[in-house]
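The file target-v8.cif comes next; it holds mmCIF, C-alpha atoms.
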```cif
data_input
loop_
_atom_site.label_atom_id
_atom_site.label_comp_id
_atom_site.auth_asym_id
_atom_site.auth_seq_id
_atom_site.Cartn_x
_atom_site.Cartn_y
_atom_site.Cartn_z
CA MET A 1283 -14.55 142.08 -65.64
CA THR A 1284 -11.69 142.67 -68.09
CA GLN A 1285 -10.85 138.97 -67.98
CA LYS A 1286 -14.46 138.03 -68.83
CA ILE A 1287 -14.48 140.40 -71.79
CA LEU A 1288 -11.19 138.97 -73.05
CA LEU A 1289 -12.57 135.44 -72.68
CA LEU A 1290 -15.69 136.38 -74.65
CA LEU A 1291 -13.54 137.89 -77.40
CA LEU A 1292 -11.37 134.78 -77.55
CA CYS A 1293 -14.29 132.32 -77.67
CA PRO A 1294 -14.83 132.40 -81.46
CA PHE A 1295 -11.13 131.74 -82.08
CA LEU A 1296 -11.12 128.87 -79.61
CA LEU A 1297 -14.15 127.34 -81.31
CA ILE A 1298 -12.52 127.65 -84.75
CA SER A 1299 -9.32 125.96 -83.57
CA CYS A 1300 -11.30 123.11 -81.98
CA GLN A 1301 -13.28 122.62 -85.18
CA ASP A 1302 -10.18 122.10 -87.30
CA GLU A 1303 -8.09 120.08 -84.87
CA LEU A 1304 -7.58 116.43 -85.68
CA LYS A 1305 -8.99 114.06 -83.09
CA TYR A 1306 -8.12 110.40 -82.59
CA ASP A 1307 -9.62 107.31 -81.04
CA SER A 1308 -6.67 105.75 -79.27
CA THR A 1309 -8.65 102.59 -78.50
CA ILE A 1310 -8.55 101.56 -82.17
CA ARG A 1311 -5.18 100.84 -83.79
CA ILE A 1312 -5.10 100.71 -87.58
CA ALA A 1313 -2.38 98.85 -89.48
CA TYR A 1314 -1.07 99.67 -92.97
CA GLN A 1315 1.30 97.19 -94.51
CA GLY A 1316 2.76 96.18 -97.85
CA ARG A 1317 5.91 95.56 -99.83
CA VAL A 1318 7.94 97.78 -102.18
CA THR A 1319 9.94 96.34 -105.07
CA ASP A 1320 11.64 97.63 -108.18
CA ALA A 1321 10.20 97.02 -111.64
CA ALA A 1322 11.92 93.63 -111.76
CA GLY A 1323 10.33 92.54 -108.49
CA ASN A 1324 13.45 92.91 -106.32
CA PRO A 1325 12.71 94.29 -102.84
CA ILE A 1326 13.89 97.84 -102.08
CA ALA A 1327 15.16 98.30 -98.53
CA ASN A 1328 15.35 101.45 -96.38
CA LEU A 1329 12.69 103.42 -98.24
CA PRO A 1330 10.69 105.91 -96.18
CA VAL A 1331 7.00 105.07 -95.82
CA GLY A 1332 4.57 107.16 -93.82
CA VAL A 1333 0.91 107.78 -93.03
CA TYR A 1334 -0.20 111.40 -93.21
CA ILE A 1335 -3.56 112.56 -91.88
CA SER A 1336 -5.02 115.99 -92.51
CA LYS A 1337 -7.96 118.06 -91.42
CA ASP A 1338 -9.22 121.26 -92.96
CA GLU A 1339 -12.86 122.27 -92.89
CA ASP A 1340 -12.45 124.94 -95.54
CA ALA A 1341 -10.49 123.09 -98.20
CA ASN A 1342 -10.70 119.97 -100.27
CA GLY A 1343 -9.31 117.13 -98.21
CA LEU A 1344 -7.29 115.97 -101.18
CA ASN A 1345 -5.19 119.14 -101.06
CA TYR A 1346 -3.62 117.66 -97.97
CA LEU A 1347 -0.44 119.72 -97.95
CA PHE A 1348 -2.32 122.89 -97.08
CA ALA A 1349 -4.48 121.46 -94.35
CA TYR A 1350 -5.09 123.38 -91.15
CA ASP A 1351 -4.07 120.47 -88.94
CA HIS A 1352 -2.03 117.50 -90.06
CA ASP A 1353 0.07 114.69 -88.64
CA MET A 1354 2.61 112.30 -90.06
CA ILE A 1355 0.97 109.92 -87.64
CA SER A 1356 3.18 106.90 -88.32
CA TYR A 1357 6.28 106.18 -90.38
CA THR A 1358 8.92 103.56 -90.92
CA THR A 1359 11.40 102.28 -93.50
CA THR A 1360 11.13 99.16 -95.59
CA ASP A 1361 13.12 96.20 -94.30
CA GLY A 1362 15.43 93.91 -96.26
CA ASN A 1363 12.45 92.21 -97.91
CA GLY A 1364 10.93 95.55 -98.89
CA ASP A 1365 8.20 95.04 -96.29
CA TYR A 1366 6.66 97.79 -94.20
CA LYS A 1367 4.06 97.79 -91.45
CA MET A 1368 2.80 100.76 -89.46
CA PHE A 1369 0.20 101.26 -86.74
CA PHE A 1370 -1.61 104.42 -85.76
CA PRO A 1371 -4.65 105.51 -83.73
CA GLN A 1372 -7.84 105.83 -85.74
CA PRO A 1373 -8.61 109.44 -86.68
CA LYS A 1374 -12.17 110.57 -85.90
CA ASN A 1375 -12.66 113.71 -87.97
CA GLN A 1376 -10.06 113.67 -90.74
CA ASP A 1377 -10.57 114.95 -94.27
CA ASN A 1378 -7.89 112.77 -95.79
CA ILE A 1379 -5.55 109.87 -95.03
CA VAL A 1380 -2.51 109.52 -97.28
CA LEU A 1381 0.18 106.87 -97.66
CA PHE A 1382 3.59 108.22 -98.66
CA ILE A 1383 6.08 105.85 -100.29
CA ASN A 1384 9.59 107.19 -100.86
CA GLN A 1385 8.47 110.71 -99.98
CA ASP A 1386 10.03 113.24 -97.63
CA ILE A 1387 9.64 112.12 -94.04
CA PRO A 1388 11.61 114.00 -91.36
CA GLY A 1389 14.81 112.18 -90.51
CA ILE A 1390 14.61 109.59 -93.30
CA ALA A 1391 16.33 110.13 -96.64
CA VAL A 1392 14.38 109.69 -99.86
CA ASN A 1393 15.95 107.27 -102.34
CA GLU A 1394 16.23 109.59 -105.34
CA SER A 1395 17.01 106.68 -107.66
CA TYR A 1396 13.42 105.49 -107.52
CA SER A 1397 10.03 106.96 -108.30
CA LYS A 1398 7.81 108.41 -105.56
CA LEU A 1399 4.23 107.50 -104.81
CA VAL A 1400 1.36 109.07 -102.89
CA ILE A 1401 -1.80 107.04 -102.29
CA THR A 1402 -4.47 109.48 -101.23
CA ASN A 1403 -8.14 109.49 -100.22
CA LEU A 1404 -7.77 106.44 -97.96
CA ARG A 1405 -10.85 105.89 -95.87
CA THR A 1406 -11.77 103.91 -92.80
CA GLU A 1407 -14.30 102.03 -94.96
CA ASN A 1408 -11.32 100.51 -96.79
CA LEU A 1409 -10.18 98.69 -93.67
CA THR A 1410 -10.57 94.95 -93.31
CA ASP A 1411 -10.11 93.81 -89.72
CA TYR A 1412 -8.65 97.26 -88.91
CA LYS A 1413 -5.97 96.82 -91.56
CA ILE A 1414 -5.13 97.62 -95.19
CA ASP A 1415 -2.63 95.42 -96.97
CA PHE A 1416 -1.45 97.38 -100.01
CA GLY A 1417 0.29 94.32 -101.44
CA VAL A 1418 3.26 94.88 -103.73
CA THR A 1419 4.02 98.42 -104.90
CA GLN A 1420 6.48 98.66 -107.76
CA LEU A 1421 8.73 101.71 -108.13
CA TYR A 1422 10.95 102.24 -111.15
CA GLU A 1423 14.41 103.70 -111.60
CA VAL A 1424 13.84 107.29 -112.68
CA ALA A 1425 17.18 107.60 -114.51
CA ASN A 1426 15.57 105.88 -117.48
CA SER A 1427 12.78 108.42 -118.04
CA THR A 1428 11.16 110.58 -120.65
CA THR A 1429 8.32 113.10 -120.32
CA LEU A 1430 4.56 112.98 -120.68
CA GLN A 1431 2.59 116.19 -121.13
CA ILE A 1432 -1.20 116.12 -121.02
CA ASP A 1433 -3.07 118.93 -122.73
CA PHE A 1434 -6.71 119.30 -121.74
CA THR A 1435 -9.55 120.59 -123.89
CA ASN A 1436 -13.01 120.91 -122.45
CA THR A 1437 -15.42 119.91 -125.25
CA SER A 1438 -18.44 118.87 -123.16
CA GLY A 1439 -18.87 121.57 -120.56
CA GLN A 1440 -18.21 119.03 -117.80
CA SER A 1441 -15.62 119.65 -115.11
CA LEU A 1442 -12.56 117.46 -114.65
CA THR A 1443 -12.64 116.32 -111.05
CA LYS A 1444 -9.86 113.72 -110.76
CA LEU A 1445 -6.95 112.40 -112.77
CA ASN A 1446 -4.62 109.48 -112.02
CA THR A 1447 -1.61 108.36 -114.04
CA ILE A 1448 -0.88 104.71 -113.44
CA GLY A 1449 2.33 103.05 -114.57
CA LYS A 1450 5.99 103.96 -114.30
CA VAL A 1451 5.45 107.58 -113.24
CA SER A 1452 8.19 109.37 -111.29
CA GLU A 1453 5.89 111.27 -108.94
CA SER A 1454 2.50 109.66 -108.91
CA VAL A 1455 -0.59 110.52 -106.87
CA ILE A 1456 -3.14 107.71 -106.83
CA ASP A 1457 -6.66 108.17 -105.48
CA TYR A 1458 -7.42 104.95 -103.57
CA ASN A 1459 -11.16 105.55 -103.96
CA PHE A 1460 -11.02 106.96 -107.45
CA ASN A 1461 -14.55 105.96 -108.47
CA LEU A 1462 -16.17 107.91 -105.65
CA PRO A 1463 -17.13 111.58 -106.14
CA PRO A 1464 -14.55 114.11 -104.96
CA VAL A 1465 -14.48 115.03 -101.31
CA ASP A 1466 -16.85 117.92 -100.55
CA GLY A 1467 -17.50 118.33 -104.28
CA VAL A 1468 -14.15 120.07 -104.81
CA ASN A 1469 -11.95 119.05 -107.74
CA ALA A 1470 -8.57 117.48 -107.07
CA TYR A 1471 -5.38 119.22 -108.12
CA ILE A 1472 -4.59 118.15 -111.71
CA MET A 1473 -0.96 117.79 -112.81
CA THR A 1474 -0.13 118.17 -116.48
CA ASN A 1475 3.56 117.26 -116.76
CA TYR A 1476 5.11 113.97 -115.70
CA ASN A 1477 8.42 112.15 -115.89
CA VAL A 1478 7.65 108.60 -116.94
CA GLY A 1479 9.55 105.41 -117.68
CA LYS A 1480 10.40 104.62 -121.29
CA ASP A 1481 8.83 101.81 -123.30
CA GLN A 1482 5.64 101.29 -121.32
CA THR A 1483 1.93 102.05 -121.40
CA VAL A 1484 0.61 104.63 -118.93
CA THR A 1485 -3.02 104.27 -117.91
CA LEU A 1486 -4.76 107.62 -117.60
CA LYS A 1487 -7.86 107.53 -115.40
CA TYR A 1488 -9.95 110.63 -115.19
CA GLN A 1489 -13.28 111.59 -113.69
CA THR A 1490 -15.72 114.17 -115.00
CA ARG A 1491 -18.75 115.72 -113.41
CA SER A 1492 -21.82 117.34 -114.91
CA GLY A 1493 -25.10 118.62 -113.55
CA ASN A 1494 -28.49 117.58 -115.00
CA GLU A 1495 -31.71 119.62 -115.17
CA ALA A 1496 -32.61 118.73 -111.60
CA GLY A 1497 -29.27 119.99 -110.40
CA VAL A 1498 -28.07 116.46 -109.58
CA GLN A 1499 -24.36 115.95 -110.08
CA VAL A 1500 -23.46 113.08 -112.42
CA VAL A 1501 -19.96 111.66 -112.06
CA SER A 1502 -18.38 109.64 -114.87
CA ASN A 1503 -15.11 107.70 -114.76
CA HIS A 1504 -12.97 107.21 -117.88
CA GLU A 1505 -9.78 105.40 -118.77
CA VAL A 1506 -7.34 105.67 -121.69
CA GLN A 1507 -4.04 103.98 -122.48
CA ILE A 1508 -1.08 106.13 -123.55
CA PRO A 1509 1.84 104.31 -125.18
CA ILE A 1510 5.23 105.72 -124.18
CA GLY A 1511 8.36 105.08 -126.28
CA THR A 1512 11.74 106.65 -125.82
CA GLU A 1513 10.78 110.20 -126.85
CA PRO A 1514 8.68 112.81 -124.99
CA VAL A 1515 4.91 112.41 -125.46
CA ILE A 1516 2.23 115.11 -125.64
CA TYR A 1517 -1.24 113.66 -125.16
CA GLN A 1518 -4.37 115.61 -126.01
CA LEU A 1519 -7.26 114.81 -123.65
CA ASN A 1520 -10.70 116.01 -124.70
CA TYR A 1521 -13.39 115.73 -122.07
CA MET B 467 -5.87 127.42 -47.65
CA LYS B 468 -8.14 124.49 -46.79
CA LEU B 469 -5.69 122.10 -48.49
CA TYR B 470 -2.78 123.50 -46.49
CA THR B 471 -4.75 123.05 -43.27
CA ILE B 472 -5.47 119.40 -44.09
CA LEU B 473 -1.82 118.75 -45.02
CA LEU B 474 -0.66 120.41 -41.79
CA ALA B 475 -3.08 118.29 -39.78
CA LEU B 476 -1.77 115.12 -41.45
CA CYS B 477 1.84 116.12 -40.77
CA LEU B 478 1.07 116.83 -37.14
CA GLN B 479 -0.63 113.46 -36.84
CA PHE B 480 2.44 111.71 -38.27
CA GLY B 481 4.77 113.75 -36.10
CA TYR B 482 2.99 113.13 -32.83
CA ALA B 483 2.15 109.50 -33.37
CA GLN B 484 4.88 107.71 -31.43
CA THR B 485 5.69 104.06 -31.07
CA THR B 486 8.80 102.06 -30.28
CA ASP B 487 9.24 100.61 -33.76
CA SER B 488 8.86 102.17 -37.18
CA ILE B 489 8.18 98.79 -38.68
CA ALA B 490 5.14 97.34 -37.10
CA LYS B 491 4.68 94.67 -34.54
CA PRO B 492 1.75 92.68 -35.88
CA VAL B 493 -1.47 93.13 -33.96
CA ASP B 494 -4.18 90.53 -34.32
CA LYS B 495 -6.96 92.96 -35.23
CA PHE B 496 -7.95 95.50 -37.84
CA ALA B 497 -6.43 98.91 -37.30
CA PHE B 498 -6.38 102.22 -39.13
CA ASN B 499 -2.87 103.11 -40.26
CA THR B 500 -2.45 106.28 -42.22
CA PHE B 501 1.13 106.28 -43.36
CA LEU B 502 2.10 107.85 -46.63
CA LYS B 503 4.62 106.74 -49.23
CA VAL B 504 5.83 109.19 -51.87
CA TYR B 505 8.33 108.07 -54.44
CA TYR B 506 10.20 108.62 -57.68
CA THR B 507 9.81 105.89 -60.30
CA PHE B 508 12.06 104.60 -63.03
CA PRO B 509 9.46 103.25 -65.48
CA GLY B 510 10.20 100.28 -67.68
CA ALA B 511 8.44 97.64 -69.71
CA SER B 512 9.04 94.12 -70.86
CA GLY B 513 7.59 91.53 -73.20
CA ASP B 514 6.38 91.65 -76.79
CA ASN B 515 4.03 94.62 -76.62
CA VAL B 516 3.86 98.23 -77.75
CA LEU B 517 4.87 99.65 -74.38
CA SER B 518 8.07 97.64 -74.42
CA LYS B 519 8.93 97.73 -78.13
CA GLY B 520 7.79 101.24 -78.98
CA ASN B 521 8.52 103.27 -75.86
CA GLU B 522 11.28 104.07 -73.42
CA GLY B 523 10.65 104.89 -69.77
CA LYS B 524 11.76 108.37 -68.73
CA TYR B 525 10.47 109.28 -65.29
CA GLY B 526 7.60 108.73 -62.92
CA PHE B 527 6.27 109.34 -59.46
CA GLY B 528 3.67 107.98 -57.12
CA PHE B 529 2.09 108.26 -53.77
CA GLU B 530 0.02 105.97 -51.66
CA MET B 531 -1.87 106.27 -48.44
CA ASN B 532 -2.10 103.21 -46.25
CA LEU B 533 -5.56 102.92 -44.82
CA ILE B 534 -5.94 99.81 -42.69
CA SER B 535 -3.92 96.85 -41.44
CA TYR B 536 -4.65 93.38 -40.17
CA ARG B 537 -1.74 91.49 -38.58
CA LYS B 538 1.06 91.93 -41.13
CA PHE B 539 -1.24 92.90 -44.01
CA TYR B 540 -1.49 96.55 -45.05
CA LEU B 541 -4.02 97.94 -47.47
CA ALA B 542 -3.40 101.23 -49.32
CA GLY B 543 -4.85 103.36 -52.07
CA SER B 544 -2.26 104.38 -54.67
CA TYR B 545 -1.63 106.51 -57.71
CA GLU B 546 1.43 106.11 -59.91
CA PHE B 547 2.43 108.05 -63.00
CA SER B 548 4.91 106.60 -65.50
CA GLY B 549 6.15 108.76 -68.35
CA TYR B 550 7.52 107.17 -71.52
CA ASP B 551 8.90 108.64 -74.73
CA VAL B 552 7.87 107.01 -77.99
CA THR B 553 10.93 105.50 -79.68
CA ASN B 554 9.27 103.63 -82.55
CA ALA B 555 6.75 105.69 -84.53
CA ALA B 556 5.69 102.70 -86.63
CA LEU B 557 4.50 100.81 -83.54
CA ALA B 558 3.34 103.51 -81.14
CA GLY B 559 2.50 106.26 -83.64
CA ASN B 560 4.47 109.42 -84.32
CA ILE B 561 3.56 110.84 -80.94
CA GLU B 562 6.05 112.17 -78.41
CA HIS B 563 4.85 110.79 -75.10
CA THR B 564 2.98 107.82 -73.67
CA ASN B 565 1.81 108.50 -70.12
CA VAL B 566 0.67 105.54 -68.02
CA ASN B 567 -1.52 106.38 -65.03
CA ASN B 568 -2.12 103.57 -62.53
CA TYR B 569 -4.85 103.84 -59.89
CA TYR B 570 -4.92 100.85 -57.60
CA ALA B 571 -5.44 99.25 -54.23
CA ARG B 572 -2.25 97.77 -52.84
CA LEU B 573 -2.12 94.86 -50.38
CA LEU B 574 1.24 94.37 -48.72
CA TYR B 575 2.50 91.67 -46.36
CA GLN B 576 5.24 93.03 -44.12
CA ILE B 577 8.08 90.77 -42.98
CA PRO B 578 10.23 92.62 -40.40
CA ILE B 579 13.92 91.70 -40.26
CA ASP B 580 17.01 92.94 -38.43
CA ASN B 581 15.23 93.84 -35.21
CA ARG B 582 12.51 95.70 -37.15
CA ARG B 583 14.86 98.23 -38.72
CA PHE B 584 14.30 96.60 -42.13
CA ALA B 585 11.26 94.98 -43.62
CA VAL B 586 10.73 93.08 -46.82
CA SER B 587 7.16 93.30 -48.01
CA PRO B 588 5.73 91.36 -50.95
CA LEU B 589 2.75 93.14 -52.44
CA ILE B 590 -0.03 92.77 -54.95
CA THR B 591 -2.10 95.49 -56.56
CA GLY B 592 -5.34 95.66 -58.50
CA GLY B 593 -7.03 98.61 -60.12
CA ALA B 594 -7.32 100.64 -63.27
CA VAL B 595 -4.95 102.03 -65.85
CA MET B 596 -5.35 105.04 -68.11
CA ILE B 597 -2.86 105.50 -70.94
CA HIS B 598 -2.69 108.93 -72.56
CA GLN B 599 -0.62 109.65 -75.67
CA LYS B 600 0.36 113.29 -76.18
CA THR B 601 2.58 115.57 -78.19
CA ALA B 602 3.06 118.86 -76.38
CA GLY B 603 -0.51 120.03 -75.70
CA LYS B 604 -2.18 117.83 -78.31
CA SER B 605 -3.96 114.67 -77.21
CA TYR B 606 -3.98 111.54 -79.34
CA GLY B 607 -6.58 109.81 -77.20
CA LYS B 608 -6.83 107.78 -74.03
CA GLN B 609 -7.04 104.07 -73.33
CA ARG B 610 -8.57 102.68 -70.18
CA GLY B 611 -8.57 99.23 -68.68
CA ALA B 612 -7.71 96.97 -65.77
CA ALA B 613 -4.28 96.56 -64.23
CA PHE B 614 -2.71 94.16 -61.77
CA SER B 615 0.79 93.84 -60.43
CA VAL B 616 3.08 91.97 -58.06
CA GLY B 617 6.13 93.36 -56.39
CA THR B 618 8.19 93.88 -53.29
CA ASP B 619 8.97 96.79 -51.00
CA ILE B 620 12.12 97.01 -48.94
CA ASP B 621 11.69 99.43 -46.04
CA PHE B 622 14.41 101.00 -43.94
CA LYS B 623 13.65 102.95 -40.79
CA LEU B 624 15.39 106.33 -40.38
CA THR B 625 13.44 107.70 -37.42
CA GLU B 626 10.28 106.63 -35.65
CA ALA B 627 8.12 108.40 -38.22
CA LEU B 628 10.34 108.52 -41.27
CA GLY B 629 11.83 105.84 -43.49
CA LEU B 630 13.20 105.09 -46.91
CA PHE B 631 11.90 102.43 -49.18
CA GLY B 632 12.56 100.86 -52.55
CA ARG B 633 10.03 99.04 -54.68
CA ALA B 634 10.13 96.71 -57.65
CA ARG B 635 6.75 96.18 -59.29
CA TYR B 636 5.82 94.09 -62.33
CA GLY B 637 2.51 95.14 -63.84
CA PHE B 638 0.02 93.49 -66.17
CA LEU B 639 -1.94 96.18 -68.01
CA TYR B 640 -5.05 95.42 -70.07
CA PRO B 641 -6.13 98.60 -71.86
CA ASP B 642 -9.28 98.25 -73.94
CA VAL B 643 -7.76 98.44 -77.45
CA THR B 644 -9.06 96.99 -80.71
CA ALA B 645 -6.75 96.13 -83.59
CA ASN B 646 -6.56 93.44 -86.24
CA ALA B 647 -6.84 89.96 -84.73
CA LYS B 648 -3.18 89.09 -85.21
CA ASP B 649 -1.86 92.23 -83.49
CA GLU B 650 -4.49 93.02 -80.89
CA LYS B 651 -2.62 91.51 -77.95
CA PHE B 652 0.40 93.62 -78.87
CA PHE B 653 -1.65 96.68 -77.85
CA SER B 654 -3.97 95.30 -75.18
CA ASN B 655 -1.66 93.10 -73.11
CA LEU B 656 1.18 95.21 -71.73
CA ASN B 657 3.81 94.52 -69.10
CA GLN B 658 5.30 97.25 -66.98
CA LEU B 659 8.43 96.87 -64.84
CA ASN B 660 8.92 99.80 -62.50
CA PHE B 661 11.56 100.47 -59.88
CA SER B 662 10.89 103.14 -57.29
CA LEU B 663 12.67 104.92 -54.44
CA GLY B 664 10.92 107.08 -51.92
CA LEU B 665 10.01 108.23 -48.47
CA LYS B 666 7.68 106.67 -45.98
CA VAL B 667 6.11 109.16 -43.60
CA GLY B 668 4.13 108.12 -40.54
CA ILE B 669 3.86 105.19 -38.19
CA ASP B 670 2.57 101.83 -39.40
#
```

As structure tokens, what does this structure read like?
Amino acid sequence: MTQKILLLLLCPFLLISCQDELKYDSTIRIAYQGRVTDAAGNPIANLPVGVYISKDEDANGLNYLFAYDHDMISYTTTDGNGDYKMFFPQPKNQDNIVLFINQDIPGIAVNESYSKLVITNLRTENLTDYKIDFGVTQLYEVANSTTLQIDFTNTSGQSLTKLNTIGKVSESVIDYNFNLPPVDGVNAYIMTNYNVGKDQTVTLKYQTRSGNEAGVQVVSNHEVQIPIGTEPVIYQLNY
Amino acid sequence: MKLYTILLALCLQFGYAQTTDSIAKPVDKFAFNTFLKVYYTFPGASGDNVLSKGNEGKYGFGFEMNLISYRKFYLAGSYEFSGYDVTNAALAGNIEHTNVNNYYARLLYQIPIDNRRFAVSPLITGGAVMIHQKTAGKSYGKQRGAAFSVGTDIDFKLTEALGLFGRARYGFLYPDVTANAKDEKFFSNLNQLNFSLGLKVGID
């Protein structure tokens, strides 16, 4: 009798843990591949590259680091040509799939000389023949950097849902499906301070969301160019 | 308790069944032969496939129950477990273990030598395979498919009802896996090379 009561008490917890546990379809193997070079196009060898999958019913899938269940489901290092290729079983109930390039992966050292990149919000709809070829990803040498600060002013009453900085950015998070609305309607984490390469133009992509009279959410995507010289830049973004 | 009773009955059957040779004299008719082989396996793999390139064999075991014989042919039902550790996360996924479960029918042709103390027995198997990838208690899914193999047993008689045997078996595994066209065979066409040592209990 005591055992039955204990089992009944445990049931809700068991159901919660099942709900948030990542599940995989082992009969489908997905491939991610690409090449990493420096800004001059020279291949960078021995960089850590990994695929991170997360699941969390209660949080925005884009905030992957705080997910209830997560796996670095596949990882490797770039070869002498800067090439990488990884396979992993297809997740069935994930909230987010992320590609890490030159990020912390257990047992593989980050190359601190180069910038770091996270490509987030990867989806199974992005696959072609069970594969994504990311092509050439360019990292830059962070020693030659200055700073970019973005100040935000809300002038329209809309909410800022996503922001990507594209260019020579030392720690960049790129939303692979930027034009789609945010996952579960929750805004992505917005960074305001960046280390960026000198003498370049950074592309700032941002997404805003507003509700109309019928309560329908309207998502708008915007893009601005920010010239970077040799000195720190403060950019005022009004949205 | 019921299981113990059945096991005891089987042991008694093996113990009391007496014949002059542990390794059979061929009889030109079908016969029921219930001898058991239990064994430890050293799992391996070969070829250009994920089992070979992304995993390393650690341990395994198996058992098979011979059911019937005809002349020098012996038919058995078998189960074999092969445990591998993933050694290449890029190919096999960042998962700790790949467990290969073979369920098959085994047909063996026994060639007695050395006055029936030894026998060399080529064999073929056909059946199903289930591959399960796991890390601790977490499952990363199962693959199922067909499996075939060829191999050889070498039997050595210890007593009338007890013997040792070694087995080499080369398996062709075809789990139902989908991947991009260029890489699909890498995951769905596996080759297993297992070596086993074990006990043979009963009279054949």

Here's a test: counting all atoms listed in the file, identify every protein, DNA and RNA residue with an atom at most 8 Å from (8.1, 97.5, -98.4) in the file's coordinate frame, and state them as a list in words.
Gln1315, Gly1316, Arg1317, Val1318, Thr1319, Pro1325, Ile1326, Ala1327, Leu1329, Thr1359, Thr1360, Asp1361, Asn1363, Gly1364, Asp1365, Tyr1366, Val1418 and Thr1419 of chain A

Once you have the residues from the selection above, write them out as a compact mmCIF listing (two decimals), in the frame of the given file, restricted to C-alpha atoms.
```
# COMPACT_ATOMS: atom_id res chain seq x y z
CA GLN A 1315 1.30 97.19 -94.51
CA GLY A 1316 2.76 96.18 -97.85
CA ARG A 1317 5.91 95.56 -99.83
CA VAL A 1318 7.94 97.78 -102.18
CA THR A 1319 9.94 96.34 -105.07
CA PRO A 1325 12.71 94.29 -102.84
CA ILE A 1326 13.89 97.84 -102.08
CA ALA A 1327 15.16 98.30 -98.53
CA LEU A 1329 12.69 103.42 -98.24
CA THR A 1359 11.40 102.28 -93.50
CA THR A 1360 11.13 99.16 -95.59
CA ASP A 1361 13.12 96.20 -94.30
CA ASN A 1363 12.45 92.21 -97.91
CA GLY A 1364 10.93 95.55 -98.89
CA ASP A 1365 8.20 95.04 -96.29
CA TYR A 1366 6.66 97.79 -94.20
CA VAL A 1418 3.26 94.88 -103.73
CA THR A 1419 4.02 98.42 -104.90
```

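Of the residues listed (B:Phe496, B:Tyr536, B:Tyr545, B:Phe508), B:Tyr545 shows the shortest atom-to-atom separation from Val595 in chain B; distances use all atoms listed in the file.
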
Find the nearest atom pair between each residue of range 538-601 of chain B and range 517-522 of chain B for residues within 6 Å, count only C-alpha atoms, give distances in Å to one decimal, sort rows by chain and ascending number, and present the table as CSV.
```
residue,atom,partner,partner_atom,distance
B:Tyr550,CA,B:Glu522,CA,5.2
B:Asp551,CA,B:Glu522,CA,5.3
B:Val552,CA,B:Asn521,CA,4.4
B:Thr553,CA,B:Asn521,CA,5.0
B:Asn554,CA,B:Gly520,CA,4.5
B:Leu557,CA,B:Gly520,CA,5.6
B:Ala558,CA,B:Gly520,CA,5.4
```

With only C-alpha atoms considered, list every residue of chain B at most 9 Å from chain A, as a PDB file with C-alpha atoms, keeping the file's coordinate frame.
```pdb
ATOM      1  CA  ASN B 554       9.270 103.630 -82.550  1.00  0.00           C
ATOM      2  CA  ALA B 555       6.750 105.690 -84.530  1.00  0.00           C
ATOM      3  CA  ALA B 556       5.690 102.700 -86.630  1.00  0.00           C
ATOM      4  CA  LEU B 557       4.500 100.810 -83.540  1.00  0.00           C
ATOM      5  CA  ALA B 558       3.340 103.510 -81.140  1.00  0.00           C
ATOM      6  CA  GLY B 559       2.500 106.260 -83.640  1.00  0.00           C
ATOM      7  CA  ASN B 560       4.470 109.420 -84.320  1.00  0.00           C
ATOM      8  CA  ILE B 561       3.560 110.840 -80.940  1.00  0.00           C
ATOM      9  CA  HIS B 598      -2.690 108.930 -72.560  1.00  0.00           C
ATOM     10  CA  GLN B 599      -0.620 109.650 -75.670  1.00  0.00           C
ATOM     11  CA  SER B 605      -3.960 114.670 -77.210  1.00  0.00           C
ATOM     12  CA  TYR B 606      -3.980 111.540 -79.340  1.00  0.00           C
ATOM     13  CA  GLY B 607      -6.580 109.810 -77.200  1.00  0.00           C
ATOM     14  CA  LYS B 608      -6.830 107.780 -74.030  1.00  0.00           C
ATOM     15  CA  GLN B 609      -7.040 104.070 -73.330  1.00  0.00           C
ATOM     16  CA  ARG B 610      -8.570 102.680 -70.180  1.00  0.00           C
ATOM     17  CA  PRO B 641      -6.130  98.600 -71.860  1.00  0.00           C
ATOM     18  CA  ASP B 642      -9.280  98.250 -73.940  1.00  0.00           C
ATOM     19  CA  VAL B 643      -7.760  98.440 -77.450  1.00  0.00           C
ATOM     20  CA  THR B 644      -9.060  96.990 -80.710  1.00  0.00           C
ATOM     21  CA  ALA B 645      -6.750  96.130 -83.590  1.00  0.00           C
ATOM     22  CA  ASN B 646      -6.560  93.440 -86.240  1.00  0.00           C
ATOM     23  CA  ALA B 647      -6.840  89.960 -84.730  1.00  0.00           C
ATOM     24  CA  ASP B 649      -1.860  92.230 -83.490  1.00  0.00           C
ATOM     25  CA  GLU B 650      -4.490  93.020 -80.890  1.00  0.00           C
ATOM     26  CA  PHE B 653      -1.650  96.680 -77.850  1.00  0.00           C
TER      27      PHE B 653
END
```

Determine the residue set returned by the PyMOL selection byres ((chain A and resi 1499-1504) around 12) for the present structure, and present it as a PyMOL selection string.
chain A and resi 1440-1446+1459-1464+1467+1469+1485-1498+1505-1507+1519-1521

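For the pair CA of Glu1394 in chain A and CA of Asp1433 in chain A, the separation is 27.6 Å.
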
Return as a list in words the set of residues that the PyMOL selection byres ((chain A and resi 1425) around 9) yields on the displayed structure.
Ser1395, Tyr1396, Tyr1422, Glu1423, Val1424, Asn1426, Ser1427 and Gly1479 of chain A

Axis-aligned box for all listed atoms of range 620-636 of chain B, 6 Å per side, centre and edges in Å to one decimal, as lines of an AutoDock Vina configuration file:
```
center_x = 10.6
center_y = 101.3
center_z = -49.0
size_x = 21.6
size_y = 26.4
size_z = 38.7
```
